[in-house]
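Student: Handing you a structure now.
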Amino acid sequence: MTTITEAAIEADPIVPIIRITRDFAATPEQVFRAHTDPALFTQWVGPNGMVTTIDHWDARSGGSWRYTAQHGDGSDGMQFAFRGCFHEVRTDRIVQTFTWEGQPDRVALETLSLEDLGDGRTRLHVQSLCDSFEDRDAWLRSGMEVGVNDGYAKLDELLARGRI
Amino acid sequence: MTDQLSKVFSALADPTRRDMVARLAVGDATVGELAAPYNVSLQAVSKHLKVLEQAGLVTRGREAQRRPVHLEAEVFDLMTKWIERYRRQAEERYQRLDAVLAAMNQSDTTTENPRSTAQEETAS
């Protein structure tokens, strides 16, 4: 089986879905724990350079969650709150709603499945179903904005160091 | 720029227009040629074309009669870049997850280790 070491993405042309697939050198149980244990989750969820604080977290079927992501100490006012419900939490599958509180009417449905590849390897499939193409569009664009900012920050750094 | 990309996405939200775009990726075509596979009027096809044109996805040739429709490939490239940035952001996130999982692997091993060390000591 081929290894998907880098995240693979697919934007479905028929339905407003984004699919991401990625392999991990860990058991499904560990990947599951990294998604449901808040202390582990906040260590990686990002985005880059953002600090995530959990306000509420009940990773059970029928439970809910809310977290805030902010830049550094939050003094620049860059703060984003996200929330949703855990529709189903199973060791091989997590189904949840996801919304950014800045756009509360745009609720996405996320389905995560954990495929056991054996030998302590796991393939993660993430499907995000947005409520319209415009909404998916906005998510992809937000990725671009952050990506562009990160890119510029790195460029600034290189310029400052006289590498370019 | 952002406006244009939003227009591109909403233009492509329609299955007939996506089909027309797929057809145009092969080569330029006239309105009549584009209408042929569908059970719709030339007028309906012209309406779809207008949406694609406004999104900057297609342009119309100047030849008076034929006015062939041409797909603007650069607009697609922009969209591809957009998706690629989103993908890279996800990849960054998952590289952080790799590190978290590696640390979990280690602590899982260390919690198992004292037991096995103890067993070895008992054995020797």
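Naming works like this for the structure tokens: A, B, ... for the chains as they're shown, residue 1 at the start of each chain, ligands 1 onward in shown order.
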Distance cut-off 9 Å, counting only C-alpha atoms - which residues of chain B neighbour chain A? Return them as a ChimeraX atom specification.

Tutor: /B:2,5-6,9-10,12-15,18,81-102,104-105

Student: Excluding Leu109 of chain A and residues on its chain fewer than 6 positions from it, collect all residues at most 8 Å away from it, counting only C-alpha atoms, and give them as a PyMOL selection string.

Tutor: chain A and resi 95-98+128-130

Student: Those same residues, written as a PDB file, in the first residue's frame with N, CA and C atoms?

Tutor:
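Dumped everything to out-v1.pdb:
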ATOM      1  N   VAL A  95     -17.817  11.961  14.309  1.00  0.00           N
ATOM      2  CA  VAL A  95     -18.681  12.813  13.481  1.00  0.00           C
ATOM      3  C   VAL A  95     -19.029  14.026  14.325  1.00  0.00           C
ATOM      4  N   GLN A  96     -18.758  15.217  13.800  1.00  0.00           N
ATOM      5  CA  GLN A  96     -19.031  16.419  14.581  1.00  0.00           C
ATOM      6  C   GLN A  96     -19.424  17.584  13.693  1.00  0.00           C
ATOM      7  N   THR A  97     -20.126  18.541  14.294  1.00  0.00           N
ATOM      8  CA  THR A  97     -20.397  19.784  13.571  1.00  0.00           C
ATOM      9  C   THR A  97     -19.270  20.750  13.903  1.00  0.00           C
ATOM     10  N   PHE A  98     -19.074  21.724  13.024  1.00  0.00           N
ATOM     11  CA  PHE A  98     -17.974  22.655  13.187  1.00  0.00           C
ATOM     12  C   PHE A  98     -18.427  24.020  12.686  1.00  0.00           C
ATOM     13  N   SER A 128     -15.080  17.187   5.201  1.00  0.00           N
ATOM     14  CA  SER A 128     -15.837  18.341   5.693  1.00  0.00           C
ATOM     15  C   SER A 128     -16.898  18.695   4.668  1.00  0.00           C
ATOM     16  N   LEU A 129     -18.148  18.542   5.073  1.00  0.00           N
ATOM     17  CA  LEU A 129     -19.264  18.904   4.197  1.00  0.00           C
ATOM     18  C   LEU A 129     -19.746  20.290   4.613  1.00  0.00           C
ATOM     19  N   CYS A 130     -19.538  21.279   3.737  1.00  0.00           N
ATOM     20  CA  CYS A 130     -19.950  22.649   4.045  1.00  0.00           C
ATOM     21  C   CYS A 130     -21.394  22.841   3.591  1.00  0.00           C
TER      22      CYS A 130
END

Student: Could you state the separation of atom CA of Gln65 of chain B and atom CA of Gln43 of chain B in Å, given to one decimal place?

Tutor: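 Spanning atom CA of Gln65 of chain B to atom CA of Gln43 of chain B is a straight-line distance of 16.0 Å.
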
Student: Could you pull out the alpha helix (DSSP H) residues of chain A, going by DSSP on the backbone, and write them as a ChimeraX atom specification?

Tutor: /A:28-36,38-44,133-160

Student: Can you write just those residues out, C-alpha atoms, as a CSV table (one decimal), in the first residue's frame?

Tutor:
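What follows is the written file result25.csv:
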chain,number,residue,atom,x,y,z
A,28,PRO,CA,-5.6,4.3,15.5
A,29,GLU,CA,-6.1,4.4,19.3
A,30,GLN,CA,-3.3,7.0,19.6
A,31,VAL,CA,-4.6,9.1,16.7
A,32,PHE,CA,-8.1,8.9,18.3
A,33,ARG,CA,-6.7,10.0,21.6
A,34,ALA,CA,-4.9,13.0,20.0
A,35,HIS,CA,-8.3,14.1,18.6
A,36,THR,CA,-10.4,13.6,21.8
A,38,PRO,CA,-8.1,18.2,25.0
A,39,ALA,CA,-4.6,18.4,26.4
A,40,LEU,CA,-3.2,16.6,23.3
A,41,PHE,CA,-5.6,18.2,20.8
A,42,THR,CA,-4.5,21.8,21.7
A,43,GLN,CA,-0.9,20.9,21.1
A,44,TRP,CA,-1.4,20.4,17.4
A,133,PHE,CA,-20.1,26.1,-2.3
A,134,GLU,CA,-19.8,29.7,-1.1
A,135,ASP,CA,-19.1,28.4,2.4
A,136,ARG,CA,-16.5,25.9,1.2
A,137,ASP,CA,-15.0,28.7,-0.9
A,138,ALA,CA,-14.7,30.9,2.3
A,139,TRP,CA,-12.9,28.1,4.1
A,140,LEU,CA,-10.5,27.5,1.3
A,141,ARG,CA,-9.9,31.2,1.1
A,142,SER,CA,-9.2,31.5,4.8
A,143,GLY,CA,-6.5,28.8,4.2
A,144,MET,CA,-5.0,31.0,1.6
A,145,GLU,CA,-5.0,34.1,3.7
A,146,VAL,CA,-3.3,32.3,6.6
A,147,GLY,CA,-0.9,30.6,4.2
A,148,VAL,CA,0.0,33.8,2.5
A,149,ASN,CA,0.6,35.5,5.8
A,150,ASP,CA,2.8,32.6,7.0
A,151,GLY,CA,4.6,32.7,3.7
A,152,TYR,CA,5.3,36.4,4.0
A,153,ALA,CA,6.4,36.0,7.6
A,154,LYS,CA,9.0,33.4,6.4
A,155,LEU,CA,10.0,35.6,3.6
A,156,ASP,CA,10.5,38.6,6.0
A,157,GLU,CA,12.7,36.3,8.2
A,158,LEU,CA,14.8,35.3,5.3
A,159,LEU,CA,15.2,38.9,4.1
A,160,ALA,CA,16.1,40.0,7.6

Student: A:Thr122, A:Thr52, A:Ala108, A:Arg90: which is nearest Asp73 of chain A, counting only C-alpha atoms?

Tutor: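 Ranked by minimum distance to Asp73 of chain A, first place goes to A:Thr52.
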
Student: Could you give me, as number ranges by chain, the residues within 10 Å of Gly49 of chain A, counting only C-alpha atoms and dropping anything in the same chain fewer than 4 positions from it?

Tutor: A: 69-72, 150
